$ cat work.pdb   # PDB, C-alpha atoms and all ligand atoms
ATOM      1  CA  MET A   1     -13.702  -1.515   9.753
ATOM      2  CA  ASN A   2     -13.192  -0.772  13.446
ATOM      3  CA  ALA A   3     -15.699   0.395  16.075
ATOM      4  CA  SER A   4     -15.359   4.046  15.032
ATOM      5  CA  GLY A   5     -16.275   3.236  11.427
ATOM      6  CA  ALA A   6     -12.738   3.883  10.205
ATOM      7  CA  VAL A   7     -11.572   1.667   7.369
ATOM      8  CA  ALA A   8      -7.994   2.719   6.783
ATOM      9  CA  ALA A   9      -4.621   2.981   8.472
ATOM     10  CA  ALA A  10      -2.067   5.596   7.451
ATOM     11  CA  VAL A  11       1.714   5.345   7.257
ATOM     12  CA  VAL A  12       3.559   8.648   7.630
ATOM     13  CA  PRO A  13       7.157   8.517   6.387
ATOM     14  CA  ALA A  14       8.889  11.127   8.549
ATOM     15  CA  ALA A  15      12.494   9.921   8.668
ATOM     16  CA  GLY A  16      13.982  12.199   6.009
ATOM     17  CA  ARG A  17      16.733  14.730   6.679
ATOM     18  CA  GLY A  18      15.252  17.573   4.677
ATOM     19  CA  GLU A  19      18.551  18.397   2.941
ATOM     20  CA  ARG A  20      16.833  20.663   0.408
ATOM     21  CA  LEU A  21      15.317  22.733   3.223
ATOM     22  CA  GLY A  22      18.786  23.559   4.521
ATOM     23  CA  PRO A  23      20.620  22.901   7.799
ATOM     24  CA  GLY A  24      18.596  22.136  10.918
ATOM     25  CA  ALA A  25      16.597  19.425  12.617
ATOM     26  CA  PRO A  26      15.102  16.560  10.556
ATOM     27  CA  LYS A  27      12.427  18.174   8.349
ATOM     28  CA  ALA A  28       9.444  16.497  10.028
ATOM     29  CA  LEU A  29      10.440  18.112  13.333
ATOM     30  CA  ARG A  30      10.851  21.627  11.967
ATOM     31  CA  GLU A  31       8.145  24.077  12.925
ATOM     32  CA  LEU A  32       5.321  25.633  10.959
ATOM     33  CA  GLY A  33       3.344  28.163  13.000
ATOM     34  CA  GLY A  34       5.115  26.916  16.140
ATOM     35  CA  VAL A  35       4.068  23.289  15.571
ATOM     36  CA  PRO A  36       6.243  20.558  13.981
ATOM     37  CA  LEU A  37       5.387  19.610  10.383
ATOM     38  CA  LEU A  38       4.824  16.025  11.536
ATOM     39  CA  VAL A  39       2.170  17.082  14.054
ATOM     40  CA  HIS A  40       0.305  19.033  11.354
ATOM     41  CA  ALA A  41       0.444  16.016   9.031
ATOM     42  CA  VAL A  42      -0.764  13.554  11.674
ATOM     43  CA  ARG A  43      -3.572  15.918  12.708
ATOM     44  CA  ALA A  44      -4.633  16.216   9.059
ATOM     45  CA  LEU A  45      -4.981  12.422   8.860
ATOM     46  CA  ALA A  46      -6.615  12.103  12.268
ATOM     47  CA  ARG A  47      -9.295  14.579  11.165
ATOM     48  CA  SER A  48     -10.529  12.028   8.632
ATOM     49  CA  ARG A  49     -13.163   9.611   9.892
ATOM     50  CA  ALA A  50     -11.771   7.112   7.390
ATOM     51  CA  VAL A  51      -8.475   6.815   9.279
ATOM     52  CA  GLY A  52      -8.422   4.682  12.429
ATOM     53  CA  LEU A  53      -4.679   4.222  12.948
ATOM     54  CA  VAL A  54      -1.592   6.273  12.082
ATOM     55  CA  VAL A  55       1.894   4.724  12.008
ATOM     56  CA  VAL A  56       4.739   7.247  11.937
ATOM     57  CA  ALA A  57       8.152   6.173  10.593
ATOM     58  CA  ALA A  58      10.425   8.447  12.623
ATOM     59  CA  PRO A  59      14.145   9.153  12.274
ATOM     60  CA  ALA A  60      15.783   5.967  13.634
ATOM     61  CA  ASP A  61      17.496   7.821  16.488
ATOM     62  CA  GLY A  62      14.411   9.898  17.280
ATOM     63  CA  VAL A  63      11.628   7.432  18.059
ATOM     64  CA  ALA A  64      11.305   8.355  21.752
ATOM     65  CA  GLU A  65      11.448  12.057  20.880
ATOM     66  CA  VAL A  66       8.645  11.668  18.326
ATOM     67  CA  VAL A  67       6.463   9.698  20.759
ATOM     68  CA  ALA A  68       6.889  12.468  23.345
ATOM     69  CA  LEU A  69       6.241  15.143  20.727
ATOM     70  CA  LEU A  70       2.961  13.607  19.569
ATOM     71  CA  ASP A  71       1.828  13.172  23.191
ATOM     72  CA  SER A  72       2.693  16.761  24.024
ATOM     73  CA  HIS A  73       0.529  17.979  21.140
ATOM     74  CA  GLY A  74      -2.559  16.209  22.407
ATOM     75  CA  LEU A  75      -2.386  13.306  19.996
ATOM     76  CA  ASP A  76      -2.088  10.703  22.768
ATOM     77  CA  ASP A  77      -5.814   9.921  22.573
ATOM     78  CA  LYS A  78      -5.537   8.692  18.953
ATOM     79  CA  ASP A  79      -4.285   5.273  17.858
ATOM     80  CA  ILE A  80      -0.844   6.435  16.775
ATOM     81  CA  ARG A  81       2.214   4.208  16.703
ATOM     82  CA  VAL A  82       5.804   5.199  16.056
ATOM     83  CA  VAL A  83       8.418   2.965  14.457
ATOM     84  CA  ALA A  84      11.992   3.597  13.355
ATOM     85  CA  GLY A  85      12.188   4.678   9.707
ATOM     86  CA  GLY A  86      14.845   3.681   7.192
ATOM     87  CA  ALA A  87      17.540   5.101   4.946
ATOM     88  CA  THR A  88      15.131   5.826   2.073
ATOM     89  CA  ARG A  89      11.496   6.897   1.869
ATOM     90  CA  GLN A  90      10.665   3.498   0.397
ATOM     91  CA  GLU A  91      12.261   1.706   3.335
ATOM     92  CA  SER A  92      10.501   3.967   5.854
ATOM     93  CA  VAL A  93       7.133   3.173   4.246
ATOM     94  CA  ARG A  94       7.906  -0.562   4.256
ATOM     95  CA  LEU A  95       8.803  -0.458   7.964
ATOM     96  CA  GLY A  96       5.638   1.496   8.775
ATOM     97  CA  LEU A  97       3.534  -0.914   6.760
ATOM     98  CA  ALA A  98       4.897  -3.847   8.762
ATOM     99  CA  ALA A  99       3.426  -2.312  11.929
ATOM    100  CA  ILE A 100      -0.152  -2.268  10.615
ATOM    101  CA  PRO A 101      -2.400  -5.044  11.967
ATOM    102  CA  ASP A 102      -3.388  -7.738   9.459
ATOM    103  CA  GLU A 103      -7.096  -6.930   9.554
ATOM    104  CA  VAL A 104      -6.608  -3.437   8.076
ATOM    105  CA  GLY A 105      -7.532  -3.566   4.377
ATOM    106  CA  ILE A 106      -6.785  -0.015   3.208
ATOM    107  CA  VAL A 107      -3.517   1.842   3.704
ATOM    108  CA  LEU A 108      -2.820   5.504   3.005
ATOM    109  CA  VAL A 109       0.761   6.749   2.761
ATOM    110  CA  HIS A 110       1.214  10.425   3.592
ATOM    111  CA  ASP A 111       4.417  12.488   3.685
ATOM    112  CA  ALA A 112       5.118  14.279   6.969
ATOM    113  CA  ALA A 113       6.371  16.972   4.607
ATOM    114  CA  ARG A 114       2.803  17.728   3.386
ATOM    115  CA  PRO A 115       1.460  19.301   6.588
ATOM    116  CA  LEU A 116      -1.501  21.206   5.148
ATOM    117  CA  VAL A 117      -3.352  18.549   3.176
ATOM    118  CA  PRO A 118      -7.089  19.264   3.525
ATOM    119  CA  VAL A 119      -9.170  16.474   5.071
ATOM    120  CA  GLU A 120     -11.300  16.368   1.906
ATOM    121  CA  VAL A 121      -8.316  14.985  -0.006
ATOM    122  CA  VAL A 122      -7.692  12.303   2.632
ATOM    123  CA  ASP A 123     -11.375  11.318   2.517
ATOM    124  CA  ALA A 124     -11.487  11.262  -1.289
ATOM    125  CA  VAL A 125      -8.443   8.994  -1.561
ATOM    126  CA  ALA A 126      -9.766   6.571   1.070
ATOM    127  CA  ALA A 127     -13.196   6.548  -0.598
ATOM    128  CA  ALA A 128     -11.703   5.727  -3.998
ATOM    129  CA  VAL A 129      -9.862   2.714  -2.573
ATOM    130  CA  ARG A 130     -12.968   1.668  -0.696
ATOM    131  CA  ALA A 131     -14.863   1.843  -3.987
ATOM    132  CA  GLY A 132     -12.495  -0.706  -5.509
ATOM    133  CA  ALA A 133      -9.380   1.033  -6.851
ATOM    134  CA  ARG A 134      -6.164  -0.695  -5.778
ATOM    135  CA  ALA A 135      -3.929   2.358  -6.007
ATOM    136  CA  VAL A 136      -5.068   5.981  -5.862
ATOM    137  CA  VAL A 137      -3.042   9.185  -6.053
ATOM    138  CA  PRO A 138      -4.238  12.761  -5.557
ATOM    139  CA  ALA A 139      -2.768  15.134  -8.120
ATOM    140  CA  VAL A 140      -3.088  18.604  -9.598
ATOM    141  CA  PRO A 141      -2.573  19.959 -13.121
ATOM    142  CA  LEU A 142       0.725  21.723 -13.823
ATOM    143  CA  ALA A 143       0.970  25.501 -14.053
ATOM    144  CA  ASP A 144       4.294  25.468 -15.900
ATOM    145  CA  THR A 145       5.256  24.040 -19.252
ATOM    146  CA  VAL A 146       7.584  21.062 -18.751
ATOM    147  CA  LYS A 147      10.553  20.183 -20.971
ATOM    148  CA  ARG A 148      12.550  16.970 -21.019
ATOM    149  CA  VAL A 149      16.254  17.756 -21.251
ATOM    150  CA  GLU A 150      19.584  16.077 -21.546
ATOM    151  CA  PRO A 151      21.013  16.802 -18.068
ATOM    152  CA  ASN A 152      24.183  18.922 -18.130
ATOM    153  CA  PRO A 153      24.724  20.255 -14.595
ATOM    154  CA  GLY A 154      26.093  23.794 -14.633
ATOM    155  CA  GLY A 155      25.779  24.204 -18.406
ATOM    156  CA  PRO A 156      23.116  24.634 -21.060
ATOM    157  CA  GLU A 157      20.860  21.604 -21.291
ATOM    158  CA  PRO A 158      19.587  20.599 -24.733
ATOM    159  CA  VAL A 159      15.808  20.197 -24.864
ATOM    160  CA  LEU A 160      14.679  16.766 -26.026
ATOM    161  CA  ASP A 161      10.937  17.374 -26.174
ATOM    162  CA  THR A 162       7.926  19.046 -24.562
ATOM    163  CA  PRO A 163       5.328  16.618 -23.138
ATOM    164  CA  GLU A 164       1.745  17.715 -23.731
ATOM    165  CA  ARG A 165       0.909  19.566 -20.511
ATOM    166  CA  ALA A 166      -2.757  18.595 -20.490
ATOM    167  CA  THR A 167      -1.729  14.973 -19.894
ATOM    168  CA  LEU A 168       0.594  15.733 -16.944
ATOM    169  CA  ARG A 169      -0.243  15.817 -13.223
ATOM    170  CA  ALA A 170       1.828  16.769 -10.164
ATOM    171  CA  VAL A 171       1.314  13.961  -7.696
ATOM    172  CA  GLN A 172       0.709  14.491  -3.986
ATOM    173  CA  THR A 173      -0.051  12.395  -0.903
ATOM    174  CA  PRO A 174      -1.858  10.710   0.793
ATOM    175  CA  GLN A 175      -1.706   7.927  -1.751
ATOM    176  CA  GLY A 176      -4.165   5.137  -1.029
ATOM    177  CA  PHE A 177      -3.839   1.401  -1.577
ATOM    178  CA  ASP A 178      -5.516  -1.877  -1.111
ATOM    179  CA  ARG A 179      -3.202  -3.189   1.605
ATOM    180  CA  ALA A 180      -2.327  -6.481  -0.123
ATOM    181  CA  THR A 181      -1.253  -4.619  -3.258
ATOM    182  CA  LEU A 182       1.025  -2.253  -1.344
ATOM    183  CA  VAL A 183       2.584  -5.056   0.708
ATOM    184  CA  GLU A 184       3.182  -7.108  -2.441
ATOM    185  CA  VAL A 185       4.942  -4.372  -4.431
ATOM    186  CA  HIS A 186       7.145  -3.373  -1.499
ATOM    187  CA  ALA A 187       8.119  -7.026  -0.974
ATOM    188  CA  LYS A 188       8.962  -7.413  -4.667
ATOM    189  CA  ALA A 189      11.070  -4.266  -4.672
ATOM    190  CA  LEU A 190      12.953  -5.391  -1.562
ATOM    191  CA  ALA A 191      13.601  -8.838  -3.059
ATOM    192  CA  GLU A 192      14.964  -7.297  -6.257
ATOM    193  CA  GLU A 193      17.157  -4.844  -4.366
ATOM    194  CA  SER A 194      18.496  -7.608  -2.088
ATOM    195  CA  ALA A 195      19.247  -9.826  -5.100
ATOM    196  CA  GLY A 196      20.781  -6.926  -7.028
ATOM    197  CA  THR A 197      18.373  -7.565  -9.912
ATOM    198  CA  ALA A 198      16.532  -4.222  -9.832
ATOM    199  CA  ASP A 199      16.838  -2.898 -13.398
ATOM    200  CA  ALA A 200      15.000   0.420 -13.055
ATOM    201  CA  PRO A 201      15.838   3.635 -11.191
ATOM    202  CA  PRO A 202      14.388   3.939  -7.652
ATOM    203  CA  VAL A 203      10.823   5.225  -7.575
ATOM    204  CA  THR A 204       9.953   8.368  -5.629
ATOM    205  CA  ASP A 205       6.432   7.354  -4.609
ATOM    206  CA  ASP A 206       4.531   4.203  -3.663
ATOM    207  CA  ALA A 207       2.249   4.353  -6.684
ATOM    208  CA  GLY A 208       5.430   4.173  -8.757
ATOM    209  CA  LEU A 209       6.050   0.696  -7.341
ATOM    210  CA  VAL A 210       2.534  -0.400  -8.281
ATOM    211  CA  GLU A 211       3.138   0.906 -11.827
ATOM    212  CA  ARG A 212       6.492  -0.879 -12.012
ATOM    213  CA  TYR A 213       4.886  -4.251 -11.404
ATOM    214  CA  GLY A 214       2.040  -3.688 -13.843
ATOM    215  CA  GLY A 215      -0.687  -2.464 -11.473
ATOM    216  CA  ARG A 216      -3.264   0.160 -12.351
ATOM    217  CA  VAL A 217      -3.069   3.516 -10.588
ATOM    218  CA  VAL A 218      -5.824   6.125 -10.771
ATOM    219  CA  VAL A 219      -5.727   9.850 -10.046
ATOM    220  CA  VAL A 220      -8.272  11.803  -8.012
ATOM    221  CA  PRO A 221      -8.207  15.586  -7.582
ATOM    222  CA  GLY A 222      -5.548  16.811  -5.170
ATOM    223  CA  HIS A 223      -5.383  20.297  -3.649
ATOM    224  CA  GLU A 224      -2.953  23.174  -4.083
ATOM    225  CA  GLU A 225      -2.545  23.404  -0.284
ATOM    226  CA  ALA A 226      -1.338  19.783  -0.125
ATOM    227  CA  PHE A 227       2.045  20.918  -1.499
ATOM    228  CA  LYS A 228       5.245  19.401  -0.113
ATOM    229  CA  VAL A 229       7.578  21.477   2.034
ATOM    230  CA  THR A 230      10.808  20.795   0.200
ATOM    231  CA  ARG A 231      12.725  24.081  -0.168
ATOM    232  CA  PRO A 232      12.851  27.187   2.066
ATOM    233  CA  LEU A 233      10.308  29.060  -0.067
ATOM    234  CA  ASP A 234       7.774  26.267   0.544
ATOM    235  CA  LEU A 235       7.967  26.995   4.254
ATOM    236  CA  VAL A 236       7.242  30.685   3.596
ATOM    237  CA  LEU A 237       4.154  29.692   1.591
ATOM    238  CA  ALA A 238       3.071  27.182   4.249
ATOM    239  CA  GLU A 239       3.312  29.854   6.963
ATOM    240  CA  ALA A 240       1.091  32.144   4.877
ATOM    241  CA  VAL A 241      -1.508  29.419   4.263
ATOM    242  CA  LEU A 242      -1.557  28.480   7.939
ATOM    243  CA  ALA A 243      -1.886  32.128   9.020
ATOM    244  CA  ARG A 244      -4.855  32.523   6.674
ATOM    245  CA  ARG A 245      -6.504  29.389   8.088
ATOM    246  CA  ARG A 246      -5.913  30.527  11.656
ATOM    247  CA  ALA A 247      -7.353  33.958  10.881
ATOM    248  CA  ALA A 248     -10.419  32.245   9.463
ATOM    249  CA  ASP A 249     -10.570  30.219  12.692
ATOM    250  CA  ALA A 250     -10.249  26.988  10.788
ATOM    251  CA  TYR A 251      -7.368  25.856  13.040
TER     252      TYR A 251
HETATM  253  N1  LIG B 301      14.794   8.010   4.588
HETATM  254  C1  LIG B 301      13.669   8.694   4.444
HETATM  255  C2  LIG B 301      13.568   9.777   3.524
HETATM  256  C3  LIG B 301      12.379  10.481   3.445
HETATM  257  N2  LIG B 301      11.350  10.146   4.253
HETATM  258  C4  LIG B 301      10.115  10.941   4.245
HETATM  259  O1  LIG B 301       9.534  10.986   2.967
HETATM  260  C5  LIG B 301       8.778  12.188   2.833
HETATM  261  C6  LIG B 301       9.014  12.843   1.479
HETATM  262  O2  LIG B 301      10.391  13.021   1.321
HETATM  263  P1  LIG B 301      11.136  14.410   1.042
HETATM  264  O3  LIG B 301      10.266  15.548   1.095
HETATM  265  O4  LIG B 301      11.951  14.209  -0.143
HETATM  266  O5  LIG B 301      11.969  14.502   2.401
HETATM  267  P2  LIG B 301      13.515  14.388   2.645
HETATM  268  O6  LIG B 301      14.068  13.104   2.113
HETATM  269  O7  LIG B 301      13.646  14.637   4.090
HETATM  270  O8  LIG B 301      14.052  15.631   1.790
HETATM  271  P3  LIG B 301      15.486  15.881   1.147
HETATM  272  O9  LIG B 301      15.536  15.020  -0.086
HETATM  273  O10 LIG B 301      15.484  17.332   0.859
HETATM  274  O11 LIG B 301      16.519  15.472   2.171
HETATM  275  C7  LIG B 301       9.162  13.081   3.996
HETATM  276  O12 LIG B 301       8.064  13.169   4.892
HETATM  277  C8  LIG B 301      10.348  12.396   4.591
HETATM  278  O13 LIG B 301      10.474  12.548   6.015
HETATM  279  C9  LIG B 301      11.456   9.073   5.145
HETATM  280  O14 LIG B 301      10.525   8.778   5.880
HETATM  281  N3  LIG B 301      12.628   8.362   5.212
HETATM  282  C1  LIG B 302       5.650  10.951  -2.669
HETATM  283  C2  LIG B 302       5.811  12.318  -3.287
HETATM  284  O1  LIG B 302       5.586  13.314  -2.320
HETATM  285  C3  LIG B 302       4.770  12.483  -4.381
HETATM  286  O2  LIG B 302       4.944  13.705  -5.014
HETATM  287  C4  LIG B 302       7.183  12.511  -3.896
HETATM  288  O3  LIG B 302       7.366  11.602  -4.932
HETATM  289  C5  LIG B 302       8.307  12.435  -2.891
HETATM  290  O4  LIG B 302       9.513  12.662  -3.594
HETATM  291  P1  LIG B 302      10.797  13.223  -2.925
HETATM  292  O5  LIG B 302      11.899  12.964  -3.890
HETATM  293  O6  LIG B 302      10.965  12.446  -1.664
HETATM  294  O7  LIG B 302      10.595  14.676  -2.729
END
$ encode --input "work.pdb" --output "structure tokens"
Amino acid sequence: MNASGAVAAAVVPAAGRGERLGPGAPKALRELGGVPLLVHAVRALARSRAVGLVVVAAPADGVAEVVALLDSHGLDDKDIRVVAGGATRQESVRLGLAAIPDEVGIVLVHDAARPLVPVEVVDAVAAAVRAGARAVVPAVPLADTVKRVEPNPGGPEPVLDTPERATLRAVQTPQGFDRATLVEVHAKALAEESAGTADAPPVTDDAGLVERYGGRVVVVPGHEEAFKVTRPLDLVLAEAVLARRRAADAY
């Protein structure tokens, strides 16, 4: 714990291209309400008293730009560091993690692409790790029925089965970890990839790595406004949510 009472550091992977959002700047630098997604995401973390340090993994050719951007949005008084991200989300997280001082025991990983996560979710995830869980994910129940299919791009896809919806959750970030656990699973994954012995498909989140190596992951309630800006319609929704918050003077 540092002098401010904060117990956790956060890694913000922000080095993605945002291909699904369409042509333009890297997604983290695209604007929502006139402010880059990354700035919203960092502010959301900085609002939490649990978070004492934020490490941003920026596009590799955009580190100086991201430093200037964060400064110009008044975030220069926080402990925020910027490192070069990698070719995959997993690599960006690993590079961010390497920049966290050894004494930090709890690490949150939060997508720059989830700009509107409420501070209550950040606090709840950090509190669950502080209470002893090694890996914590916020998640929400699904609104749609989900079917597993045999992929057949461009054609009809035979349905294999329908998982029971009550047992499914859509997983968000920040995900929270005991630091040693997160460092260990990232190191194992890197070793397997380097040796060419990885025998499972790449994971899409950090908790997935913990699961892969036999660790226990628990879910806490997420929030519908913590959705990820992935496709153009998500940006339309995010603008509406932000406008509502601004009208309510919450921003
Ligand atoms: N090489 C990468 C790829 C992704 N990310 C980050 O991981 C988060 C979640 O990824 P996603 O939303 O899938 O972002 P992109 O990879 O940018 O999206 P797309 O797949 O549409 O290109 C984002 O904050 C993104 O910037 C990252 O830091 N480094
Ligand atoms: C980490 C994540 O946001 C949890 O839902 C998600 O797995 C990222 O996946 P993506 O393929 O990078 O969109």
$ residues_near_ligand --input "work.pdb" --ligand "ligand LIG 301 (chain B)" --cutoff "10 Å" --atoms "all atoms listed in the file" --output "MDAnalysis selection string"
chainID A and resid 11:22 26:29 37:38 41 56:60 84:96 109:115 173 204:205 228:231
$ residues_around --input "work.pdb" --residues "Val183 in chain A" --least-positions-apart "2" --cutoff "12 Å" --atoms "only C-alpha atoms" --output "ChimeraX atom specification"
/A:90,93-100,102,104-107,134-135,177-181,185-190,206-207,209-210
$ closest_residue --input "work.pdb" --among "A:Ala247, A:Ala226, A:Val171, A:Val7" --to "Leu53 in chain A" --atoms "all atoms listed in the file"
A:Val7
$ residues_around --input "work.pdb" --residues "range 217-221 of chain A" --least-positions-apart "3" --cutoff "12 Å" --atoms "all atoms listed in the file" --output "PyMOL selection string"
chain A and resi 118+120-129+132-141+167-178+181-182+205-214+224+226
$ write_last_selection --input "work.pdb" --atoms "C-alpha atoms" --output "mmCIF file, in the frame of the given file"
data_model
loop_
_atom_site.group_PDB
_atom_site.id
_atom_site.type_symbol
_atom_site.label_atom_id
_atom_site.label_comp_id
_atom_site.auth_asym_id
_atom_site.auth_seq_id
_atom_site.Cartn_x
_atom_site.Cartn_y
_atom_site.Cartn_z
ATOM 1 C CA PRO A 118 -7.089 19.264 3.525
ATOM 2 C CA GLU A 120 -11.300 16.368 1.906
ATOM 3 C CA VAL A 121 -8.316 14.985 -0.006
ATOM 4 C CA VAL A 122 -7.692 12.303 2.632
ATOM 5 C CA ASP A 123 -11.375 11.318 2.517
ATOM 6 C CA ALA A 124 -11.487 11.262 -1.289
ATOM 7 C CA VAL A 125 -8.443 8.994 -1.561
ATOM 8 C CA ALA A 126 -9.766 6.571 1.070
ATOM 9 C CA ALA A 127 -13.196 6.548 -0.598
ATOM 10 C CA ALA A 128 -11.703 5.727 -3.998
ATOM 11 C CA VAL A 129 -9.862 2.714 -2.573
ATOM 12 C CA GLY A 132 -12.495 -0.706 -5.509
ATOM 13 C CA ALA A 133 -9.380 1.033 -6.851
ATOM 14 C CA ARG A 134 -6.164 -0.695 -5.778
ATOM 15 C CA ALA A 135 -3.929 2.358 -6.007
ATOM 16 C CA VAL A 136 -5.068 5.981 -5.862
ATOM 17 C CA VAL A 137 -3.042 9.185 -6.053
ATOM 18 C CA PRO A 138 -4.238 12.761 -5.557
ATOM 19 C CA ALA A 139 -2.768 15.134 -8.120
ATOM 20 C CA VAL A 140 -3.088 18.604 -9.598
ATOM 21 C CA PRO A 141 -2.573 19.959 -13.121
ATOM 22 C CA THR A 167 -1.729 14.973 -19.894
ATOM 23 C CA LEU A 168 0.594 15.733 -16.944
ATOM 24 C CA ARG A 169 -0.243 15.817 -13.223
ATOM 25 C CA ALA A 170 1.828 16.769 -10.164
ATOM 26 C CA VAL A 171 1.314 13.961 -7.696
ATOM 27 C CA GLN A 172 0.709 14.491 -3.986
ATOM 28 C CA THR A 173 -0.051 12.395 -0.903
ATOM 29 C CA PRO A 174 -1.858 10.710 0.793
ATOM 30 C CA GLN A 175 -1.706 7.927 -1.751
ATOM 31 C CA GLY A 176 -4.165 5.137 -1.029
ATOM 32 C CA PHE A 177 -3.839 1.401 -1.577
ATOM 33 C CA ASP A 178 -5.516 -1.877 -1.111
ATOM 34 C CA THR A 181 -1.253 -4.619 -3.258
ATOM 35 C CA LEU A 182 1.025 -2.253 -1.344
ATOM 36 C CA ASP A 205 6.432 7.354 -4.609
ATOM 37 C CA ASP A 206 4.531 4.203 -3.663
ATOM 38 C CA ALA A 207 2.249 4.353 -6.684
ATOM 39 C CA GLY A 208 5.430 4.173 -8.757
ATOM 40 C CA LEU A 209 6.050 0.696 -7.341
ATOM 41 C CA VAL A 210 2.534 -0.400 -8.281
ATOM 42 C CA GLU A 211 3.138 0.906 -11.827
ATOM 43 C CA ARG A 212 6.492 -0.879 -12.012
ATOM 44 C CA TYR A 213 4.886 -4.251 -11.404
ATOM 45 C CA GLY A 214 2.040 -3.688 -13.843
ATOM 46 C CA GLU A 224 -2.953 23.174 -4.083
ATOM 47 C CA ALA A 226 -1.338 19.783 -0.125
#
$ atom_distance --input "work.pdb" --atom1 "CA of Asp79 in chain A" --atom2 "CA of Ala9 in chain A"
9.7 Å
$ closest_residue --input "work.pdb" --among "A:Arg244, A:Ala50, A:Leu108, A:Thr197" --to "ligand LIG 302 (chain B)" --atoms "only C-alpha atoms and all ligand atoms"
A:Leu108
$ atom_distance --input "work.pdb" --atom1 "CA of Asp161 in chain A" --atom2 "CA of Thr145 in chain A"
11.2 Å
